[in-house]
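Shown here: my_file_18.txt, compact mmCIF, N, CA and C atoms.
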# COMPACT_ATOMS: atom_id res chain seq x y z
N MET A 45 -7.22 29.79 -1.24
CA MET A 45 -6.19 28.79 -1.14
C MET A 45 -5.83 28.61 0.33
N THR A 46 -5.73 27.37 0.78
CA THR A 46 -5.40 27.10 2.18
C THR A 46 -3.93 26.74 2.30
N ASP A 47 -3.41 26.94 3.50
CA ASP A 47 -2.06 26.48 3.80
C ASP A 47 -2.16 25.04 4.27
N ASN A 48 -1.18 24.25 3.90
CA ASN A 48 -1.16 22.85 4.30
C ASN A 48 0.11 22.54 5.08
N ALA A 49 0.05 21.47 5.86
CA ALA A 49 1.21 21.01 6.61
C ALA A 49 1.47 19.56 6.26
N LEU A 50 2.74 19.21 6.18
CA LEU A 50 3.14 17.84 5.90
C LEU A 50 3.66 17.23 7.18
N ASP A 51 2.97 16.22 7.71
CA ASP A 51 3.33 15.58 8.96
C ASP A 51 3.83 14.17 8.70
N GLN A 52 4.79 13.73 9.49
CA GLN A 52 5.25 12.34 9.45
C GLN A 52 4.26 11.49 10.23
N LEU A 53 3.90 10.33 9.70
CA LEU A 53 3.02 9.40 10.42
C LEU A 53 3.87 8.50 11.31
N SER A 54 3.33 8.17 12.46
CA SER A 54 4.04 7.25 13.36
C SER A 54 4.05 5.85 12.75
N ALA A 55 4.97 5.02 13.24
CA ALA A 55 5.04 3.63 12.78
C ALA A 55 3.72 2.92 13.07
N GLU A 56 3.13 3.20 14.21
CA GLU A 56 1.85 2.57 14.59
C GLU A 56 0.73 2.98 13.63
N THR A 57 0.67 4.25 13.26
CA THR A 57 -0.35 4.71 12.31
C THR A 57 -0.14 4.07 10.95
N CYS A 58 1.11 3.97 10.51
CA CYS A 58 1.41 3.31 9.23
C CYS A 58 0.92 1.87 9.23
N MET A 59 1.19 1.14 10.31
CA MET A 59 0.75 -0.25 10.42
C MET A 59 -0.78 -0.34 10.43
N ASP A 60 -1.44 0.57 11.13
CA ASP A 60 -2.91 0.58 11.15
C ASP A 60 -3.47 0.79 9.75
N LEU A 61 -2.89 1.71 8.99
CA LEU A 61 -3.36 1.97 7.63
C LEU A 61 -3.11 0.75 6.74
N LEU A 62 -1.97 0.10 6.89
CA LEU A 62 -1.71 -1.12 6.12
C LEU A 62 -2.71 -2.22 6.45
N ARG A 63 -3.10 -2.33 7.72
CA ARG A 63 -4.09 -3.33 8.13
C ARG A 63 -5.45 -3.04 7.51
N MET A 64 -5.82 -1.78 7.39
CA MET A 64 -7.18 -1.39 6.98
C MET A 64 -7.42 -1.48 5.48
N HIS A 65 -6.39 -1.51 4.68
CA HIS A 65 -6.55 -1.45 3.23
C HIS A 65 -6.15 -2.76 2.57
N SER A 66 -6.46 -2.88 1.27
CA SER A 66 -6.16 -4.13 0.56
C SER A 66 -5.65 -3.92 -0.86
N ILE A 67 -5.51 -2.67 -1.28
CA ILE A 67 -5.01 -2.38 -2.62
C ILE A 67 -3.85 -1.40 -2.49
N GLY A 68 -2.76 -1.71 -3.17
CA GLY A 68 -1.59 -0.83 -3.15
C GLY A 68 -0.84 -0.93 -4.46
N ARG A 69 0.37 -0.40 -4.47
CA ARG A 69 1.22 -0.46 -5.66
C ARG A 69 2.58 -1.00 -5.25
N ILE A 70 3.06 -1.94 -6.05
CA ILE A 70 4.41 -2.48 -5.81
C ILE A 70 5.34 -1.89 -6.86
N SER A 71 6.54 -1.60 -6.44
CA SER A 71 7.57 -1.08 -7.34
C SER A 71 8.73 -2.06 -7.34
N VAL A 72 9.12 -2.48 -8.54
CA VAL A 72 10.27 -3.37 -8.72
C VAL A 72 11.09 -2.85 -9.89
N ILE A 73 12.27 -3.39 -10.06
CA ILE A 73 13.12 -3.02 -11.19
C ILE A 73 12.98 -4.08 -12.27
N ALA A 74 12.66 -3.63 -13.49
CA ALA A 74 12.55 -4.53 -14.64
C ALA A 74 13.35 -3.93 -15.80
N ASP A 75 14.26 -4.69 -16.34
CA ASP A 75 15.12 -4.23 -17.44
C ASP A 75 15.84 -2.94 -17.08
N GLY A 76 16.24 -2.81 -15.82
CA GLY A 76 17.02 -1.66 -15.38
C GLY A 76 16.23 -0.42 -15.01
N PHE A 77 14.90 -0.48 -15.11
CA PHE A 77 14.08 0.68 -14.79
C PHE A 77 13.00 0.33 -13.77
N PRO A 78 12.60 1.29 -12.93
CA PRO A 78 11.51 1.01 -11.99
C PRO A 78 10.18 0.81 -12.71
N VAL A 79 9.40 -0.11 -12.22
CA VAL A 79 8.05 -0.37 -12.70
C VAL A 79 7.14 -0.35 -11.48
N VAL A 80 6.01 0.34 -11.58
CA VAL A 80 5.05 0.42 -10.48
C VAL A 80 3.73 -0.16 -10.97
N LEU A 81 3.21 -1.16 -10.22
CA LEU A 81 2.00 -1.85 -10.65
C LEU A 81 1.02 -1.98 -9.48
N PRO A 82 -0.28 -1.85 -9.77
CA PRO A 82 -1.27 -2.03 -8.69
C PRO A 82 -1.42 -3.51 -8.35
N VAL A 83 -1.63 -3.79 -7.06
CA VAL A 83 -1.82 -5.16 -6.59
C VAL A 83 -2.80 -5.19 -5.43
N ASN A 84 -3.48 -6.32 -5.28
CA ASN A 84 -4.21 -6.60 -4.05
C ASN A 84 -3.19 -7.15 -3.07
N TYR A 85 -3.38 -6.86 -1.80
CA TYR A 85 -2.41 -7.36 -0.82
C TYR A 85 -3.14 -7.71 0.47
N ARG A 86 -2.41 -8.39 1.32
CA ARG A 86 -2.88 -8.71 2.67
C ARG A 86 -1.75 -8.39 3.63
N PHE A 87 -2.03 -7.63 4.66
CA PHE A 87 -1.06 -7.34 5.71
C PHE A 87 -1.08 -8.50 6.70
N VAL A 88 0.07 -9.10 6.92
CA VAL A 88 0.17 -10.27 7.78
C VAL A 88 1.10 -9.94 8.94
N GLU A 89 0.62 -10.19 10.15
CA GLU A 89 1.45 -9.99 11.32
C GLU A 89 1.98 -11.35 11.75
N SER A 90 3.28 -11.55 11.52
CA SER A 90 3.89 -12.84 11.83
C SER A 90 4.76 -12.73 13.08
N LEU A 91 5.26 -13.85 13.53
CA LEU A 91 6.14 -13.86 14.70
C LEU A 91 7.44 -13.12 14.44
N THR A 92 7.85 -13.05 13.17
CA THR A 92 9.10 -12.37 12.82
C THR A 92 8.89 -10.91 12.45
N GLY A 93 7.64 -10.45 12.45
CA GLY A 93 7.34 -9.06 12.12
C GLY A 93 6.29 -8.98 11.02
N PRO A 94 5.90 -7.75 10.66
CA PRO A 94 4.86 -7.58 9.64
C PRO A 94 5.35 -7.99 8.25
N LEU A 95 4.42 -8.48 7.44
CA LEU A 95 4.70 -8.88 6.07
C LEU A 95 3.59 -8.37 5.16
N ILE A 96 3.92 -8.10 3.91
CA ILE A 96 2.94 -7.77 2.88
C ILE A 96 2.87 -8.97 1.95
N LEU A 97 1.70 -9.59 1.85
CA LEU A 97 1.51 -10.79 1.04
C LEU A 97 0.75 -10.42 -0.22
N ILE A 98 1.28 -10.80 -1.38
CA ILE A 98 0.60 -10.55 -2.66
C ILE A 98 0.61 -11.84 -3.49
N ARG A 99 -0.31 -11.89 -4.46
CA ARG A 99 -0.32 -12.96 -5.45
C ARG A 99 -0.22 -12.33 -6.82
N THR A 100 0.51 -12.99 -7.70
CA THR A 100 0.67 -12.47 -9.05
C THR A 100 0.70 -13.62 -10.04
N ARG A 101 0.70 -13.29 -11.31
CA ARG A 101 0.72 -14.31 -12.35
C ARG A 101 2.14 -14.86 -12.48
N PRO A 102 2.28 -16.18 -12.49
CA PRO A 102 3.62 -16.76 -12.64
C PRO A 102 4.29 -16.26 -13.92
N GLY A 103 5.55 -15.88 -13.78
CA GLY A 103 6.34 -15.45 -14.93
C GLY A 103 6.23 -13.98 -15.29
N ASN A 104 5.35 -13.22 -14.63
CA ASN A 104 5.23 -11.81 -15.00
C ASN A 104 6.34 -10.98 -14.36
N VAL A 105 6.31 -9.68 -14.57
CA VAL A 105 7.38 -8.79 -14.13
C VAL A 105 7.56 -8.82 -12.61
N ILE A 106 6.48 -8.92 -11.83
CA ILE A 106 6.61 -8.98 -10.37
C ILE A 106 7.21 -10.31 -9.95
N ASP A 107 6.74 -11.39 -10.56
CA ASP A 107 7.22 -12.73 -10.22
C ASP A 107 8.71 -12.89 -10.51
N GLN A 108 9.21 -12.20 -11.51
CA GLN A 108 10.61 -12.32 -11.90
C GLN A 108 11.49 -11.22 -11.32
N ALA A 109 10.92 -10.38 -10.47
CA ALA A 109 11.66 -9.24 -9.93
C ALA A 109 12.75 -9.68 -8.97
N GLY A 110 13.69 -8.78 -8.75
CA GLY A 110 14.77 -9.04 -7.81
C GLY A 110 14.32 -8.86 -6.37
N LEU A 111 15.28 -8.85 -5.49
CA LEU A 111 15.03 -8.83 -4.06
C LEU A 111 14.46 -7.50 -3.55
N ASN A 112 15.01 -6.39 -4.01
CA ASN A 112 14.60 -5.07 -3.50
C ASN A 112 13.30 -4.61 -4.14
N SER A 113 12.40 -4.12 -3.29
CA SER A 113 11.11 -3.63 -3.78
C SER A 113 10.61 -2.51 -2.89
N ALA A 114 9.58 -1.85 -3.36
CA ALA A 114 8.87 -0.85 -2.55
C ALA A 114 7.39 -1.10 -2.73
N PHE A 115 6.61 -0.68 -1.75
CA PHE A 115 5.17 -0.88 -1.77
C PHE A 115 4.54 0.36 -1.17
N GLU A 116 3.46 0.85 -1.79
CA GLU A 116 2.82 2.07 -1.30
C GLU A 116 1.31 1.94 -1.30
N ILE A 117 0.71 2.52 -0.27
CA ILE A 117 -0.74 2.74 -0.24
C ILE A 117 -0.94 4.22 0.03
N ASP A 118 -2.07 4.75 -0.42
CA ASP A 118 -2.34 6.16 -0.15
C ASP A 118 -3.81 6.49 -0.32
N SER A 119 -4.15 7.66 0.08
CA SER A 119 -5.49 8.21 -0.13
C SER A 119 -5.33 9.70 -0.35
N ILE A 120 -6.01 10.21 -1.36
CA ILE A 120 -5.86 11.61 -1.75
C ILE A 120 -7.23 12.26 -1.88
N ASP A 121 -7.37 13.46 -1.37
CA ASP A 121 -8.58 14.26 -1.51
C ASP A 121 -8.19 15.51 -2.30
N PRO A 122 -8.31 15.46 -3.65
CA PRO A 122 -7.86 16.59 -4.46
C PRO A 122 -8.65 17.87 -4.21
N SER A 123 -9.91 17.77 -3.83
CA SER A 123 -10.69 18.98 -3.63
C SER A 123 -10.25 19.76 -2.39
N HIS A 124 -9.63 19.10 -1.44
CA HIS A 124 -9.15 19.78 -0.24
C HIS A 124 -7.62 19.81 -0.15
N CYS A 125 -6.95 19.28 -1.17
CA CYS A 125 -5.48 19.24 -1.22
C CYS A 125 -4.91 18.56 0.03
N THR A 126 -5.52 17.43 0.40
CA THR A 126 -5.05 16.66 1.55
C THR A 126 -4.86 15.21 1.14
N GLY A 127 -4.19 14.47 1.98
CA GLY A 127 -4.02 13.05 1.72
C GLY A 127 -2.96 12.46 2.62
N TRP A 128 -2.72 11.17 2.44
CA TRP A 128 -1.68 10.48 3.19
C TRP A 128 -1.08 9.39 2.32
N SER A 129 0.10 8.94 2.68
CA SER A 129 0.72 7.80 2.00
C SER A 129 1.60 7.04 2.98
N VAL A 130 1.69 5.75 2.74
CA VAL A 130 2.57 4.87 3.51
C VAL A 130 3.48 4.18 2.51
N LEU A 131 4.77 4.23 2.77
CA LEU A 131 5.77 3.62 1.89
C LEU A 131 6.50 2.52 2.65
N VAL A 132 6.51 1.33 2.07
CA VAL A 132 7.23 0.19 2.64
C VAL A 132 8.38 -0.12 1.69
N ARG A 133 9.58 -0.07 2.20
CA ARG A 133 10.74 -0.53 1.44
C ARG A 133 11.12 -1.87 2.03
N GLY A 134 11.31 -2.87 1.14
CA GLY A 134 11.56 -4.18 1.69
C GLY A 134 12.16 -5.17 0.72
N LEU A 135 12.19 -6.41 1.20
CA LEU A 135 12.78 -7.51 0.46
C LEU A 135 11.67 -8.42 -0.05
N LEU A 136 11.65 -8.63 -1.36
CA LEU A 136 10.63 -9.43 -2.02
C LEU A 136 11.12 -10.86 -2.17
N SER A 137 10.27 -11.82 -1.79
CA SER A 137 10.64 -13.22 -1.96
C SER A 137 9.41 -14.07 -2.24
N HIS A 138 9.64 -15.23 -2.84
CA HIS A 138 8.56 -16.17 -3.12
C HIS A 138 8.20 -16.95 -1.87
N VAL A 139 6.94 -17.34 -1.79
CA VAL A 139 6.46 -18.17 -0.69
C VAL A 139 6.49 -19.62 -1.17
N ASP A 140 7.09 -20.51 -0.39
CA ASP A 140 7.18 -21.91 -0.81
C ASP A 140 5.79 -22.57 -0.75
N ASP A 141 5.62 -23.65 -1.52
CA ASP A 141 4.32 -24.32 -1.66
C ASP A 141 3.74 -24.79 -0.33
N ALA A 142 4.56 -25.29 0.57
CA ALA A 142 4.07 -25.78 1.87
C ALA A 142 3.48 -24.63 2.69
N THR A 143 4.14 -23.48 2.64
CA THR A 143 3.64 -22.32 3.38
C THR A 143 2.35 -21.80 2.75
N VAL A 144 2.29 -21.79 1.42
CA VAL A 144 1.07 -21.35 0.73
C VAL A 144 -0.12 -22.17 1.18
N GLU A 145 0.03 -23.47 1.23
CA GLU A 145 -1.08 -24.34 1.65
C GLU A 145 -1.51 -24.04 3.08
N ARG A 146 -0.56 -23.70 3.93
CA ARG A 146 -0.85 -23.41 5.33
C ARG A 146 -1.56 -22.07 5.53
N ILE A 147 -1.22 -21.07 4.71
CA ILE A 147 -1.76 -19.72 4.93
C ILE A 147 -2.88 -19.35 3.97
N LYS A 148 -3.13 -20.18 2.98
CA LYS A 148 -4.06 -19.83 1.90
C LYS A 148 -5.44 -19.39 2.40
N GLU A 149 -6.04 -20.14 3.29
CA GLU A 149 -7.40 -19.82 3.76
C GLU A 149 -7.45 -18.54 4.58
N GLN A 150 -6.45 -18.34 5.42
CA GLN A 150 -6.49 -17.22 6.35
C GLN A 150 -6.00 -15.91 5.74
N PHE A 151 -5.03 -15.97 4.84
CA PHE A 151 -4.37 -14.75 4.40
C PHE A 151 -4.45 -14.49 2.89
N ASP A 152 -5.34 -15.11 2.18
CA ASP A 152 -5.42 -14.91 0.73
C ASP A 152 -5.74 -13.45 0.41
N PRO A 153 -4.90 -12.76 -0.38
CA PRO A 153 -5.17 -11.38 -0.73
C PRO A 153 -6.29 -11.21 -1.76
N SER A 154 -6.83 -12.30 -2.25
CA SER A 154 -7.98 -12.28 -3.17
C SER A 154 -7.79 -11.34 -4.36
N PRO A 155 -6.88 -11.70 -5.28
CA PRO A 155 -6.69 -10.85 -6.47
C PRO A 155 -7.96 -10.77 -7.29
N TRP A 156 -8.13 -9.65 -7.96
CA TRP A 156 -9.33 -9.42 -8.77
C TRP A 156 -9.28 -10.17 -10.09
N ILE A 157 -8.09 -10.62 -10.49
CA ILE A 157 -7.91 -11.32 -11.76
C ILE A 157 -7.50 -12.75 -11.46
N THR A 158 -8.07 -13.70 -12.19
CA THR A 158 -7.73 -15.11 -11.98
C THR A 158 -6.33 -15.42 -12.51
N GLY A 159 -5.81 -16.57 -12.14
CA GLY A 159 -4.51 -17.00 -12.63
C GLY A 159 -3.34 -16.42 -11.85
N ARG A 160 -3.61 -15.84 -10.72
CA ARG A 160 -2.55 -15.26 -9.89
C ARG A 160 -2.11 -16.31 -8.87
N ASP A 161 -1.27 -17.24 -9.32
CA ASP A 161 -0.92 -18.39 -8.50
C ASP A 161 0.51 -18.34 -7.96
N SER A 162 1.20 -17.24 -8.15
CA SER A 162 2.53 -17.08 -7.58
C SER A 162 2.39 -16.17 -6.36
N TRP A 163 2.75 -16.70 -5.20
CA TRP A 163 2.61 -15.98 -3.94
C TRP A 163 3.96 -15.37 -3.57
N LEU A 164 3.94 -14.08 -3.21
CA LEU A 164 5.16 -13.38 -2.82
C LEU A 164 4.94 -12.62 -1.52
N ILE A 165 6.04 -12.39 -0.82
CA ILE A 165 6.00 -11.64 0.43
C ILE A 165 7.03 -10.52 0.35
N ILE A 166 6.61 -9.36 0.84
CA ILE A 166 7.55 -8.26 1.05
C ILE A 166 7.82 -8.19 2.55
N LYS A 167 9.07 -8.37 2.91
CA LYS A 167 9.46 -8.23 4.31
C LYS A 167 9.98 -6.81 4.49
N PRO A 168 9.26 -5.98 5.24
CA PRO A 168 9.65 -4.57 5.37
C PRO A 168 11.02 -4.39 6.02
N VAL A 169 11.80 -3.49 5.44
CA VAL A 169 13.05 -3.04 6.02
C VAL A 169 12.83 -1.66 6.63
N GLN A 170 11.96 -0.87 5.97
CA GLN A 170 11.65 0.48 6.45
C GLN A 170 10.19 0.78 6.10
N VAL A 171 9.45 1.34 7.05
CA VAL A 171 8.07 1.76 6.83
C VAL A 171 7.96 3.21 7.26
N THR A 172 7.55 4.06 6.33
CA THR A 172 7.38 5.49 6.62
C THR A 172 6.04 5.96 6.08
N GLY A 173 5.58 7.07 6.62
CA GLY A 173 4.32 7.62 6.14
C GLY A 173 4.26 9.12 6.32
N ARG A 174 3.43 9.74 5.50
CA ARG A 174 3.25 11.19 5.57
C ARG A 174 1.77 11.52 5.40
N ARG A 175 1.37 12.61 6.02
CA ARG A 175 0.00 13.10 5.87
C ARG A 175 0.07 14.59 5.53
N LEU A 176 -0.62 14.97 4.46
CA LEU A 176 -0.75 16.37 4.08
C LEU A 176 -2.11 16.82 4.58
N ARG A 177 -2.12 17.78 5.48
CA ARG A 177 -3.38 18.22 6.05
C ARG A 177 -3.53 19.72 5.87
N ALA A 178 -4.78 20.16 5.82
CA ALA A 178 -5.09 21.58 5.70
C ALA A 178 -4.95 22.23 7.06
N LEU A 179 -4.31 23.39 7.10
CA LEU A 179 -4.20 24.13 8.35
C LEU A 179 -5.48 24.90 8.65
N ASP A 180 -6.13 25.40 7.60
CA ASP A 180 -7.37 26.15 7.76
C ASP A 180 -8.50 25.38 7.11
N VAL A 181 -9.69 25.52 7.66
CA VAL A 181 -10.86 24.92 7.03
C VAL A 181 -11.19 25.71 5.78
N GLU A 182 -11.36 25.03 4.69
CA GLU A 182 -11.68 25.69 3.44
C GLU A 182 -13.13 25.41 3.09
N TRP A 183 -13.87 26.45 2.82
CA TRP A 183 -15.28 26.30 2.45
C TRP A 183 -15.38 25.73 1.04
N ALA A 184 -16.38 24.89 0.84
CA ALA A 184 -16.56 24.26 -0.47
C ALA A 184 -16.97 25.28 -1.53
N PHE A 185 -17.64 26.36 -1.13
CA PHE A 185 -18.11 27.38 -2.05
C PHE A 185 -17.68 28.74 -1.53
N HIS A 186 -17.72 29.71 -2.39
CA HIS A 186 -17.41 31.07 -1.96
C HIS A 186 -18.45 31.51 -0.95
N ILE A 187 -18.04 32.33 -0.01
CA ILE A 187 -18.93 32.77 1.06
C ILE A 187 -20.19 33.46 0.52
N ARG A 188 -20.10 34.11 -0.63
CA ARG A 188 -21.26 34.77 -1.22
C ARG A 188 -22.34 33.76 -1.63
N GLY A 189 -21.93 32.52 -1.83
CA GLY A 189 -22.89 31.49 -2.20
C GLY A 189 -23.85 31.15 -1.06
N TYR A 190 -23.53 31.54 0.17
CA TYR A 190 -24.37 31.24 1.31
C TYR A 190 -25.29 32.40 1.68
N LEU A 191 -25.14 33.54 1.05
CA LEU A 191 -25.95 34.72 1.39
C LEU A 191 -27.25 34.76 0.61
Translate the structure described by the file into structure tokens.
Amino acid sequence: MTDNALDQLSAETCMDLLRMHSIGRISVIADGFPVVLPVNYRFVESLTGPLILIRTRPGNVIDQAGLNSAFEIDSIDPSHCTGWSVLVRGLLSHVDDATVERIKEQFDPSPWITGRDSWLIIKPVQVTGRRLRALDVEWAFHIRGYL
């Protein structure tokens, strides 16, 4: 068993990870309880700051959600007990039709399921991240396996 350390990720590292990935989970409140759902997303760097752009089916739980939301991406390596996560807490809002037409070609998050015609943006209020790393190198097999 190895010892692990939990490190805080810098804001710059969190933004880099958000830029590099395209699948995450959004959390919203539905019927008084949190709901967490996987989504395709696009990280957009705007003049007013970073944004998370998603598309969803009109009328579904995400489309009808309130203002407050959370969004997370992560990567986990269970065999080495390591991983990282980035959490975005922010304000969820609909994108108006004129803006959709302007950004559609450049920033489409390309959902895997058709019929996702409601465009939403999460404007981050807080972005945090953590990395769980191994302090010692752990061999994949017992040392006797190499003799």
Atom-to-atom span, atom CA of A:Leu61 and atom CA of A:Tyr85, Å
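About the pair atom CA of A:Leu61 and atom CA of A:Tyr85: they are 12.6 Å apart.
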Write out as a list in words which residues come within 8 Å of A:Ile98 when counting all atoms listed in the file, dropping same-chain ones fewer than 4 positions away.
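The contact residues come out as Val83, Asn84, Tyr85, Arg86, Phe87, Asp152, Pro153, Ser154, Pro155, Arg160, Asp161, Ser162, Trp163, Leu164, Ile165 and Ile166 of chain A.
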Smallest atom-to-atom distance to A:Cys125: which of A:Ser113, A:Ser66, A:Thr143, A:Asn48, using only C-alpha atoms?
A:Asn48
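Reported to one decimal place, the separation of atom N of A:Gln170 from atom CA of A:Leu50 is 20.7 Å.
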Suppose you want the space between atom C of A:Leu135 and atom CA of A:Ala109; what is it in Å?
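A separation of 9.9 Å between them.
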Residues within 12 Å of A:Leu81, only C-alpha atoms, excluding chain neighbours under 2 positions, as JSON, numbers by chain:
{"A": [67, 68, 69, 70, 71, 72, 73, 74, 78, 79, 83, 84, 98, 100, 104, 105, 106, 113, 114, 115, 116, 117]}
From A:Val169, A:Leu136, A:Leu176, A:Leu53, residue lying nearest A:Gly110 [only C-alpha atoms]
A:Leu136
